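Q: Below is the file structure35.tsv, with TSV, C-alpha atoms.
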chain	number	residue	atom	x	y	z
A	1	MET	CA	57.85	-31.68	-1.93
A	2	LYS	CA	57.96	-27.90	-2.15
A	3	TYR	CA	56.80	-28.03	-5.75
A	4	ILE	CA	54.00	-30.49	-4.95
A	5	LEU	CA	52.78	-28.18	-2.20
A	6	LYS	CA	52.97	-25.09	-4.38
A	7	TYR	CA	51.58	-26.44	-7.64
A	8	VAL	CA	49.28	-29.25	-6.50
A	9	LEU	CA	48.09	-29.07	-2.92
A	10	ILE	CA	47.54	-25.33	-2.63
A	11	PRO	CA	45.57	-25.07	-5.93
A	12	LEU	CA	43.46	-28.04	-4.83
A	13	VAL	CA	42.69	-26.38	-1.49
A	14	VAL	CA	41.74	-23.14	-3.25
A	15	ILE	CA	39.49	-24.95	-5.72
A	16	ALA	CA	37.87	-26.99	-2.96
A	17	SER	CA	37.24	-23.84	-0.95
A	18	LEU	CA	35.61	-22.13	-3.92
A	19	VAL	CA	33.39	-25.13	-4.60
A	20	PHE	CA	32.39	-25.23	-0.93
A	21	LEU	CA	31.49	-21.56	-0.92
A	22	ILE	CA	29.52	-21.79	-4.15
A	23	PHE	CA	27.41	-24.74	-3.07
A	24	HIS	CA	27.14	-24.07	0.65
A	25	LYS	CA	23.89	-22.10	0.61
A	26	PRO	CA	23.96	-20.71	4.18
A	27	ILE	CA	27.34	-19.06	3.53
A	28	VAL	CA	26.31	-17.80	0.11
A	29	ARG	CA	23.07	-16.41	1.54
A	30	TYR	CA	24.95	-14.57	4.25
A	31	PHE	CA	26.89	-12.65	1.66
A	32	THR	CA	23.77	-12.04	-0.47
A	33	PHE	CA	20.25	-12.12	0.99
A	34	ASP	CA	20.88	-12.40	4.74
A	35	LYS	CA	23.47	-9.64	4.88
A	36	THR	CA	21.21	-7.17	3.04
A	37	PHE	CA	18.11	-8.21	4.98
A	38	ASN	CA	19.94	-7.75	8.29
A	39	LYS	CA	21.11	-4.31	7.19
A	40	LEU	CA	17.49	-3.42	6.41
A	41	ILE	CA	16.37	-4.50	9.87
A	42	GLU	CA	19.20	-2.58	11.55
A	43	ASN	CA	18.32	0.60	9.65
A	44	ARG	CA	14.52	0.38	9.73
A	45	GLY	CA	12.91	3.76	10.13
A	46	ARG	CA	15.82	5.55	8.46
A	47	ASN	CA	15.98	6.85	4.92
A	48	VAL	CA	18.75	4.42	4.05
A	49	ALA	CA	16.37	1.49	4.70
A	50	VAL	CA	14.76	2.22	1.33
A	51	ASP	CA	18.08	1.48	-0.35
A	52	TYR	CA	18.21	-1.96	1.26
A	53	VAL	CA	14.60	-2.65	0.26
A	54	ASN	CA	15.41	-1.77	-3.36
A	55	GLU	CA	18.58	-3.85	-3.25
A	56	LEU	CA	16.61	-6.88	-2.13
A	57	LEU	CA	13.82	-6.34	-4.65
A	58	ALA	CA	16.40	-6.07	-7.44
A	59	LYS	CA	17.25	-9.74	-6.80
A	60	GLY	CA	13.72	-10.67	-7.91
A	61	SER	CA	12.48	-14.23	-7.51
A	62	ARG	CA	15.85	-15.35	-6.09
A	63	ILE	CA	14.81	-14.01	-2.68
A	64	GLU	CA	11.33	-15.51	-2.68
A	65	GLU	CA	12.33	-18.72	-0.86
A	66	PRO	CA	14.67	-16.95	1.62
A	67	LEU	CA	11.85	-14.53	2.50
A	68	ILE	CA	9.37	-17.37	3.00
A	69	ASN	CA	11.89	-19.15	5.21
A	70	LYS	CA	12.54	-15.96	7.13
A	71	TYR	CA	8.84	-15.54	7.83
A	72	LYS	CA	8.35	-19.16	8.87
A	73	ASN	CA	11.48	-19.59	10.97
A	74	SER	CA	12.24	-16.22	12.56
A	75	TYR	CA	11.00	-15.42	16.06
A	76	SER	CA	11.27	-11.69	15.36
A	77	VAL	CA	8.05	-9.83	14.52
A	78	VAL	CA	10.13	-7.21	12.69
A	79	ASP	CA	11.69	-9.93	10.50
A	80	LYS	CA	8.24	-11.33	9.76
A	81	TYR	CA	6.87	-7.87	8.96
A	82	TYR	CA	9.54	-7.16	6.35
A	83	ALA	CA	9.42	-10.68	4.93
A	84	LEU	CA	5.68	-10.34	4.27
A	85	TYR	CA	5.98	-6.81	2.95
A	86	LEU	CA	8.76	-7.75	0.53
A	87	LEU	CA	6.92	-10.88	-0.64
A	88	GLY	CA	3.99	-8.62	-1.49
A	89	ARG	CA	6.26	-6.22	-3.34
A	90	LEU	CA	7.54	-9.23	-5.33
A	91	GLN	CA	3.92	-10.21	-6.06
A	92	SER	CA	4.76	-13.72	-4.93
A	93	GLU	CA	1.87	-16.05	-5.78
A	94	LYS	CA	3.56	-18.80	-3.79
A	95	ALA	CA	3.51	-16.63	-0.67
A	96	ALA	CA	-0.07	-15.38	-1.14
A	97	PRO	CA	-1.53	-17.98	1.29
A	98	LEU	CA	1.01	-16.89	3.92
A	99	LEU	CA	0.05	-13.23	3.56
A	100	LEU	CA	-3.67	-13.98	3.74
A	101	ASP	CA	-3.21	-16.18	6.80
A	102	ALA	CA	-1.01	-13.51	8.43
A	103	LEU	CA	-3.92	-11.05	8.30
A	104	ARG	CA	-5.35	-12.99	11.25
A	105	SER	CA	-2.15	-13.06	13.29
A	106	LYS	CA	-2.24	-12.09	16.96
A	107	GLU	CA	0.83	-9.93	16.34
A	108	SER	CA	-0.05	-6.49	15.02
A	109	GLY	CA	3.33	-6.21	13.28
A	110	VAL	CA	2.61	-9.38	11.32
A	111	ARG	CA	-0.86	-8.14	10.33
A	112	ALA	CA	0.69	-4.83	9.26
A	113	GLY	CA	3.29	-6.52	7.05
A	114	ALA	CA	0.64	-8.69	5.42
A	115	VAL	CA	-1.83	-5.92	4.60
A	116	ARG	CA	0.91	-3.62	3.32
A	117	GLY	CA	2.37	-6.37	1.18
A	118	LEU	CA	-1.00	-7.34	-0.28
A	119	LYS	CA	-1.49	-3.82	-1.60
A	120	TYR	CA	0.99	-4.67	-4.36
A	121	MET	CA	-0.77	-7.87	-5.42
A	122	MET	CA	-4.45	-7.28	-4.64
A	123	LYS	CA	-7.11	-9.36	-6.36
A	124	PRO	CA	-10.91	-9.38	-5.97
A	125	GLU	CA	-10.69	-12.64	-4.02
A	126	TYR	CA	-8.53	-10.94	-1.39
A	127	VAL	CA	-11.08	-8.21	-0.63
A	128	GLN	CA	-12.97	-10.01	2.13
A	129	PRO	CA	-9.84	-11.07	4.09
A	130	VAL	CA	-8.46	-7.53	3.94
A	131	ALA	CA	-11.84	-6.02	4.85
A	132	GLY	CA	-11.63	-7.96	8.10
A	133	LEU	CA	-8.98	-5.47	9.23
A	134	LEU	CA	-11.32	-2.47	8.94
A	135	ALA	CA	-12.20	-3.09	12.58
A	136	ASP	CA	-8.61	-3.76	13.68
A	137	PRO	CA	-7.73	-2.22	17.08
A	138	VAL	CA	-4.56	-0.72	15.58
A	139	ARG	CA	-5.26	2.57	13.83
A	140	ASP	CA	-2.42	2.29	11.32
A	141	ILE	CA	-3.61	-1.14	10.22
A	142	ARG	CA	-7.13	0.18	9.57
A	143	PHE	CA	-5.55	2.97	7.53
A	144	ASP	CA	-3.54	0.46	5.49
A	145	ALA	CA	-6.61	-1.74	5.01
A	146	VAL	CA	-8.60	1.03	3.28
A	147	SER	CA	-5.53	1.87	1.21
A	148	THR	CA	-5.11	-1.75	0.15
A	149	LEU	CA	-8.80	-2.10	-0.70
A	150	GLY	CA	-8.33	0.88	-2.99
A	151	ALA	CA	-5.79	-1.13	-5.01
A	152	VAL	CA	-8.42	-3.42	-6.53
A	153	ASN	CA	-11.40	-2.22	-8.50
A	154	SER	CA	-14.24	-4.62	-7.84
A	155	PRO	CA	-17.93	-4.07	-7.00
A	156	GLU	CA	-17.24	-5.62	-3.58
A	157	SER	CA	-14.34	-3.31	-2.70
A	158	VAL	CA	-16.33	-0.24	-3.80
A	159	GLN	CA	-19.36	-1.34	-1.78
A	160	ILE	CA	-17.28	-2.03	1.34
A	161	LEU	CA	-15.50	1.33	1.15
A	162	SER	CA	-18.77	3.18	0.43
A	163	GLN	CA	-20.34	1.69	3.56
A	164	PHE	CA	-17.18	2.23	5.60
A	165	VAL	CA	-17.04	6.01	5.05
A	166	ARG	CA	-20.55	6.33	6.46
A	167	ARG	CA	-19.59	4.94	9.85
A	168	GLU	CA	-15.84	5.65	10.29
A	169	ARG	CA	-15.14	8.57	12.65
A	170	ASP	CA	-11.34	8.69	12.56
A	171	GLN	CA	-10.61	11.67	10.34
A	172	ASN	CA	-7.46	10.36	8.64
A	173	ILE	CA	-8.80	6.87	8.00
A	174	TRP	CA	-12.09	8.30	6.74
A	175	ALA	CA	-10.25	10.62	4.34
A	176	ARG	CA	-8.02	7.77	3.11
A	177	ALA	CA	-11.09	5.67	2.37
A	178	TRP	CA	-12.55	8.52	0.34
A	179	ARG	CA	-9.26	8.81	-1.59
A	180	SER	CA	-9.48	5.11	-2.39
A	181	LEU	CA	-13.02	5.63	-3.68
A	182	ARG	CA	-11.94	8.67	-5.69
A	183	TYR	CA	-9.34	6.55	-7.45
A	184	LEU	CA	-11.64	3.59	-8.08
A	185	LEU	CA	-14.89	5.28	-9.13
A	186	PRO	CA	-15.67	6.59	-12.60
A	187	ALA	CA	-17.77	9.73	-12.95
A	188	ASP	CA	-19.88	11.22	-15.70
A	189	GLY	CA	-22.51	13.53	-14.34
A	190	VAL	CA	-23.73	17.06	-13.80
A	191	VAL	CA	-22.75	18.90	-10.63
A	192	ALA	CA	-25.91	19.27	-8.56
A	193	GLU	CA	-24.34	20.46	-5.31
A	194	LYS	CA	-21.02	21.51	-3.80
A	195	PHE	CA	-20.28	21.02	-0.13
A	196	ARG	CA	-17.39	20.83	2.33
A	197	ILE	CA	-16.77	18.72	5.41
A	198	ASN	CA	-14.62	19.89	8.33
A	199	LYS	CA	-12.20	17.98	10.55
A	200	ASN	CA	-15.08	16.95	12.80
A	201	LEU	CA	-16.66	15.28	9.77
A	202	GLN	CA	-19.52	17.76	9.76
A	203	ILE	CA	-20.94	19.49	6.69
A	204	MET	CA	-19.87	23.13	6.68
A	205	PRO	CA	-22.40	25.90	5.98
A	206	ALA	CA	-22.17	27.12	2.41
A	207	ASP	CA	-21.38	30.66	3.57
A	208	GLU	CA	-18.68	29.57	6.04
A	209	MET	CA	-15.56	31.50	5.06
A	210	GLN	CA	-13.02	29.71	7.26
A	211	ALA	CA	-11.31	26.57	6.01
A	212	GLU	CA	-8.42	24.90	7.78
A	213	VAL	CA	-5.78	23.82	5.28
A	214	GLY	CA	-5.46	20.04	5.37
A	215	TYR	CA	-8.60	19.63	7.46
A	216	THR	CA	-11.31	20.64	5.02
A	217	TYR	CA	-12.61	18.06	2.55
A	218	TYR	CA	-14.32	18.96	-0.71
A	219	PHE	CA	-17.20	17.09	-2.34
A	220	LEU	CA	-19.46	17.29	-5.37
A	221	ARG	CA	-22.85	15.64	-5.67
A	222	LEU	CA	-23.37	14.52	-9.24
A	223	LYS	CA	-26.53	13.64	-11.14
A	224	GLU	CA	-25.70	10.75	-13.43
A	225	THR	CA	-27.85	8.76	-15.84
A	226	ASN	CA	-28.38	5.98	-13.34
A	227	GLY	CA	-28.72	8.10	-10.20
A	228	GLU	CA	-26.57	10.26	-7.95
A	229	LYS	CA	-22.95	9.97	-6.87
A	230	ILE	CA	-20.81	11.75	-4.29
A	231	MET	CA	-17.25	12.46	-5.43
A	232	TYR	CA	-14.38	13.55	-3.19
A	233	VAL	CA	-12.38	16.10	-5.18
A	234	THR	CA	-9.38	18.36	-4.80
A	235	ARG	CA	-9.73	21.90	-3.50
A	236	PRO	CA	-8.74	23.57	-6.83
A	237	LEU	CA	-11.29	21.53	-8.77
A	238	TRP	CA	-13.99	22.23	-6.17
A	239	GLN	CA	-13.30	25.96	-6.41
A	240	GLU	CA	-13.49	25.83	-10.20
A	241	ALA	CA	-16.63	23.69	-10.39
A	242	LYS	CA	-20.03	25.33	-10.71
A	243	VAL	CA	-23.47	23.82	-10.42
A	244	GLY	CA	-24.45	22.63	-13.88
A	245	ASP	CA	-20.92	21.74	-14.99
A	246	ARG	CA	-20.22	18.18	-16.03
A	247	LEU	CA	-17.55	16.14	-14.26
A	248	GLU	CA	-15.89	13.36	-16.23
A	249	LYS	CA	-13.48	10.80	-14.80
A	250	LYS	CA	-12.35	7.32	-15.74
A	251	ALA	CA	-12.09	4.55	-13.15
A	252	GLU	CA	-8.68	3.88	-11.59
A	253	THR	CA	-7.30	7.35	-12.12
A	254	GLU	CA	-7.08	10.63	-10.22
A	255	GLU	CA	-7.57	12.70	-13.36
A	256	MET	CA	-10.84	14.63	-13.52
A	257	ARG	CA	-12.20	16.86	-16.26
A	258	LEU	CA	-14.74	19.63	-15.81
A	259	VAL	CA	-16.89	20.54	-18.78
A	260	PRO	CA	-18.43	23.98	-18.20
A	261	ALA	CA	-22.18	24.22	-18.55
A	262	PRO	CA	-23.65	26.66	-21.07
A	263	GLU	CA	-23.99	30.08	-19.41
A	264	LYS	CA	-27.77	30.11	-19.63
A	265	THR	CA	-28.07	26.90	-17.59
A	266	ARG	CA	-26.00	28.14	-14.64
As structure tokens, what does this structure read like?
A:
Amino acid sequence: MKYILKYVLIPLVVIASLVFLIFHKPIVRYFTFDKTFNKLIENRGRNVAVDYVNELLAKGSRIEEPLINKYKNSYSVVDKYYALYLLGRLQSEKAAPLLLDALRSKESGVRAGAVRGLKYMMKPEYVQPVAGLLADPVRDIRFDAVSTLGAVNSPESVQILSQFVRRERDQNIWARAWRSLRYLLPADGVVAEKFRINKNLQIMPADEMQAEVGYTYYFLRLKETNGEKIMYVTRPLWQEAKVGDRLEKKAETEEMRLVPAPEKTR
């Protein structure tokens, strides 16, 4: 009996336990997805949270279904936020309808997760749903909306952002919208005017010497073949640029090139 127990029953119990663990998905998930996801939630807002995000993303498509289930079944807005954000980071086509629907959620945390996730998988057909958040009552969500719109280069996204900067009065959101336009727009024109805008979103006099670091915004008005264009540029480039120089820039890049004008034309 001792030998039967040692060489038959115990090995069978061990094998059965291993099979149970391998095929019992809730237990397996606890030691894989759920454990890491819970650690992320516990450490949100800390630097270490990034490590848990990367650990989850490294699992790739294996966490797509668990994330969808987490979003659908959890009562926690924080859980839903991270589920949507991570699904966007995974560029999950299966979850795209969930993210788009979540843009209209009553919970601001859910809307935030959706718009931040969509930034990583933006398409022209998502522009209108995201643009609906430009009037969101939550400031951070409006900020993320203009950032996400800047992730897709389409005539519609450029038009929406171009109209938005004319009416937005929140300094940081306004500046972020201009950065999105700077990334999206190409440029190939002659500098016709240089001007600056202060933190109150007012044009500064050309002879104004004072400029608050971080609160002064620099612009060039260009004459292009098909009309004029306003470009938001960096301070060093603005200082270097002279009227008559040519500014060249490809779409979907931050890289700009100044071609000096011949001396006699300056």
Q: Work out how far CA of Tyr52 in chain A is from CA of Thr36 in chain A, in Å to one decimal.
A: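 Between CA of Thr36 in chain A and CA of Tyr52 in chain A the gap works out to 6.3 Å.
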Q: At most 12 Å from (-14.2, 26.4, -3.6), file frame, only C-alpha atoms: which residues, as JSON, numbers by chain?
A: {"A": [193, 194, 195, 196, 206, 207, 208, 209, 210, 211, 216, 217, 218, 219, 220, 233, 234, 235, 236, 237, 238, 239, 240, 241, 242, 243]}
Q: Expressed in Å to a single decimal, how great is the separation between CA of Ala114 in chain A and CA of Tyr85 in chain A?
A: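 One can read the CA of Ala114 in chain A to CA of Tyr85 in chain A distance as 6.2 Å.
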Q: May I ask for the distance between CA of Gly132 in chain A and CA of Val115 in chain A, given in Å to one decimal place?
A: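 Taking CA of Gly132 in chain A and CA of Val115 in chain A, their separation equals 10.6 Å.
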Q: Which polymer residues have any atom within 12 Å of an atom of Lys59 in chain A, counting all atoms listed in the file, with same-chain residues fewer than 5 positions away left out, as a CSV table (one decimal) with C-alpha atoms, in the coordinates of the input?
A:
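result35.csv, written as the output of this step:
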chain,number,residue,atom,x,y,z
A,32,THR,CA,23.8,-12.0,-0.5
A,33,PHE,CA,20.2,-12.1,1.0
A,36,THR,CA,21.2,-7.2,3.0
A,37,PHE,CA,18.1,-8.2,5.0
A,52,TYR,CA,18.2,-2.0,1.3
A,53,VAL,CA,14.6,-2.6,0.3
A,54,ASN,CA,15.4,-1.8,-3.4
A,64,GLU,CA,11.3,-15.5,-2.7
A,65,GLU,CA,12.3,-18.7,-0.9
A,66,PRO,CA,14.7,-17.0,1.6
A,67,LEU,CA,11.8,-14.5,2.5
A,86,LEU,CA,8.8,-7.8,0.5
A,90,LEU,CA,7.5,-9.2,-5.3
Q: What lies within 12 Å of Pro155 in chain A using all atoms listed in the file, ignoring chain neighbours under 6 positions off, as a list in words?
A: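 The residues that qualify are Pro124, Glu125, Val127, Gln128, Leu149, Leu161, Ser162, Leu181, Leu184 and Leu185 of chain A.
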Q: Could you write out the selected residues, including C-alpha atoms, as a compact mmCIF listing (two decimals), keeping the file's coordinate frame?
A:
# COMPACT_ATOMS: atom_id res chain seq x y z
CA PRO A 124 -10.91 -9.38 -5.97
CA GLU A 125 -10.69 -12.64 -4.02
CA VAL A 127 -11.08 -8.21 -0.63
CA GLN A 128 -12.97 -10.01 2.13
CA LEU A 149 -8.80 -2.10 -0.70
CA LEU A 161 -15.50 1.33 1.15
CA SER A 162 -18.77 3.18 0.43
CA LEU A 181 -13.02 5.63 -3.68
CA LEU A 184 -11.64 3.59 -8.08
CA LEU A 185 -14.89 5.28 -9.13
Q: Using all atoms listed in the file, which residue out of A:Asp140, A:Glu212, A:Glu93, A:Asp51 lies closest to Leu118 in chain A?
A: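 For Leu118 in chain A, the nearest of the candidates is A:Glu93.
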Q: Here's a test: counting only C-alpha atoms, identify every protein, DNA and RNA residue with an atom at most 12 Å from (5.0, -14.9, -6.7) in the file's coordinate frame, and state them as a VMD selection string.
A: chain A and resid 60 to 65 67 to 68 84 86 to 99 117 to 118 120 to 121
Q: Determine, counting only C-alpha atoms, which protein, DNA and RNA residues have an atom within 8 Å of an atom of Leu133 in chain A; residues of the same chain fewer than 4 positions away are not included. Present the result as a PyMOL selection string.
A: chain A and resi 103+129+141-142+145
Q: How about saving the chosen residues, C-alpha atoms kept, as an mmCIF file, keeping the file's coordinate frame?
A:
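Result file selection18.cif:
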data_model
loop_
_atom_site.group_PDB
_atom_site.id
_atom_site.type_symbol
_atom_site.label_atom_id
_atom_site.label_comp_id
_atom_site.auth_asym_id
_atom_site.auth_seq_id
_atom_site.Cartn_x
_atom_site.Cartn_y
_atom_site.Cartn_z
ATOM 1 C CA LEU A 103 -3.920 -11.050 8.300
ATOM 2 C CA PRO A 129 -9.840 -11.070 4.090
ATOM 3 C CA ILE A 141 -3.610 -1.140 10.220
ATOM 4 C CA ARG A 142 -7.130 0.180 9.570
ATOM 5 C CA ALA A 145 -6.610 -1.740 5.010
#
Q: Rank nothing, just name the residue among A:Met231, A:Val191, A:Met256, A:Ile197 nearest to Gly244 in chain A, using all atoms listed in the file.
A: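 Using all atoms listed in the file, Gly244 in chain A sits closest to A:Val191.
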Q: Nearest to Arg166 in chain A: which of A:Met122, A:Leu201, A:Val138, A:Arg221 is it, counting only C-alpha atoms?
A: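 Closest candidate: A:Leu201.
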Q: Could I get range 194-205 of chain A from the block written as a CSV table (one decimal), in the first residue's frame, with all heavy atoms?
A:
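Written output follows (decode32.csv):
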chain,number,residue,atom,x,y,z
A,194,LYS,N,6.5,87.9,-38.8
A,194,LYS,CA,6.8,87.2,-37.6
A,194,LYS,C,5.9,87.8,-36.5
A,194,LYS,O,5.9,89.0,-36.4
A,194,LYS,CB,8.2,87.3,-37.2
A,194,LYS,CG,9.2,86.7,-38.2
A,194,LYS,CD,10.6,87.0,-37.9
A,194,LYS,CE,11.1,86.6,-36.5
A,194,LYS,NZ,12.5,86.8,-36.3
A,195,PHE,N,5.3,87.0,-35.6
A,195,PHE,CA,4.6,87.6,-34.5
A,195,PHE,C,4.6,86.6,-33.3
A,195,PHE,O,4.8,85.4,-33.5
A,195,PHE,CB,3.2,88.0,-34.9
A,195,PHE,CG,2.3,86.9,-35.3
A,195,PHE,CD1,1.4,86.3,-34.4
A,195,PHE,CD2,2.2,86.5,-36.6
A,195,PHE,CE1,0.6,85.3,-34.8
A,195,PHE,CE2,1.4,85.5,-37.0
A,195,PHE,CZ,0.5,84.9,-36.1
A,196,ARG,N,4.3,87.2,-32.1
A,196,ARG,CA,4.3,86.4,-30.9
A,196,ARG,C,2.9,86.6,-30.2
A,196,ARG,O,2.3,87.6,-30.4
A,196,ARG,CB,5.4,86.8,-29.9
A,196,ARG,CG,6.8,86.6,-30.5
A,196,ARG,CD,7.8,87.3,-29.6
A,196,ARG,NE,7.6,88.8,-29.6
A,196,ARG,CZ,8.2,89.6,-28.7
A,196,ARG,NH1,8.9,89.2,-27.8
A,196,ARG,NH2,7.9,90.9,-28.8
A,197,ILE,N,2.5,85.6,-29.5
A,197,ILE,CA,1.3,85.6,-28.7
A,197,ILE,C,1.6,85.3,-27.3
A,197,ILE,O,2.4,84.4,-27.0
A,197,ILE,CB,0.2,84.7,-29.3
A,197,ILE,CG1,-0.2,85.1,-30.7
A,197,ILE,CG2,-1.0,84.5,-28.3
A,197,ILE,CD1,-1.2,84.3,-31.3
A,198,ASN,N,1.0,86.2,-26.4
A,198,ASN,CA,1.4,86.0,-24.9
A,198,ASN,C,0.4,85.0,-24.3
A,198,ASN,O,-0.5,84.4,-24.9
A,198,ASN,CB,1.4,87.3,-24.2
A,198,ASN,CG,0.0,88.0,-24.3
A,198,ASN,OD1,-1.0,87.4,-24.4
A,198,ASN,ND2,0.0,89.4,-24.1
A,199,LYS,N,0.5,84.8,-22.9
A,199,LYS,CA,-0.3,83.9,-22.2
A,199,LYS,C,-1.8,84.2,-22.2
A,199,LYS,O,-2.6,83.4,-21.9
A,199,LYS,CB,0.3,83.7,-20.8
A,199,LYS,CG,0.2,84.9,-19.9
A,199,LYS,CD,0.7,84.7,-18.6
A,199,LYS,CE,0.6,85.9,-17.7
A,199,LYS,NZ,1.2,85.6,-16.3
A,200,ASN,N,-2.1,85.5,-22.5
A,200,ASN,CA,-3.5,85.9,-22.6
A,200,ASN,C,-4.0,85.7,-24.0
A,200,ASN,O,-5.1,86.2,-24.3
A,200,ASN,CB,-3.6,87.4,-22.1
A,200,ASN,CG,-3.2,87.6,-20.7
A,200,ASN,OD1,-3.6,86.8,-19.8
A,200,ASN,ND2,-2.4,88.6,-20.4
A,201,LEU,N,-3.2,85.1,-24.8
A,201,LEU,CA,-3.6,84.8,-26.2
A,201,LEU,C,-3.8,86.1,-27.0
A,201,LEU,O,-4.7,86.2,-27.8
A,201,LEU,CB,-4.8,83.9,-26.3
A,201,LEU,CG,-4.7,82.6,-25.5
A,201,LEU,CD1,-5.9,81.7,-25.8
A,201,LEU,CD2,-3.4,81.9,-25.8
A,202,GLN,N,-3.0,87.1,-26.7
A,202,GLN,CA,-3.0,88.4,-27.4
A,202,GLN,C,-1.7,88.5,-28.2
A,202,GLN,O,-0.6,88.1,-27.7
A,202,GLN,CB,-3.1,89.5,-26.4
A,202,GLN,CG,-4.4,89.5,-25.6
A,202,GLN,CD,-4.4,90.5,-24.4
A,202,GLN,OE1,-3.3,90.8,-23.9
A,202,GLN,NE2,-5.6,90.9,-24.0
A,203,ILE,N,-1.8,89.1,-29.4
A,203,ILE,CA,-0.6,89.4,-30.2
A,203,ILE,C,0.3,90.4,-29.5
A,203,ILE,O,-0.2,91.5,-29.1
A,203,ILE,CB,-1.0,89.8,-31.6
A,203,ILE,CG1,-1.7,88.7,-32.3
A,203,ILE,CG2,0.3,90.3,-32.4
A,203,ILE,CD1,-2.1,89.1,-33.7
A,204,MET,N,1.5,90.1,-29.3
A,204,MET,CA,2.5,91.1,-28.6
A,204,MET,C,3.0,92.1,-29.6
A,204,MET,O,3.2,91.8,-30.8
A,204,MET,CB,3.6,90.3,-28.0
A,204,MET,CG,3.2,89.2,-27.0
A,204,MET,SD,4.5,88.1,-26.5
A,204,MET,CE,5.7,89.3,-25.8
A,205,PRO,N,3.2,93.3,-29.2
A,205,PRO,CA,3.8,94.3,-30.1
A,205,PRO,C,5.2,93.9,-30.5
A,205,PRO,O,5.9,93.2,-29.8
A,205,PRO,CB,3.9,95.6,-29.2
A,205,PRO,CG,2.9,95.4,-28.1
A,205,PRO,CD,2.8,93.9,-27.9
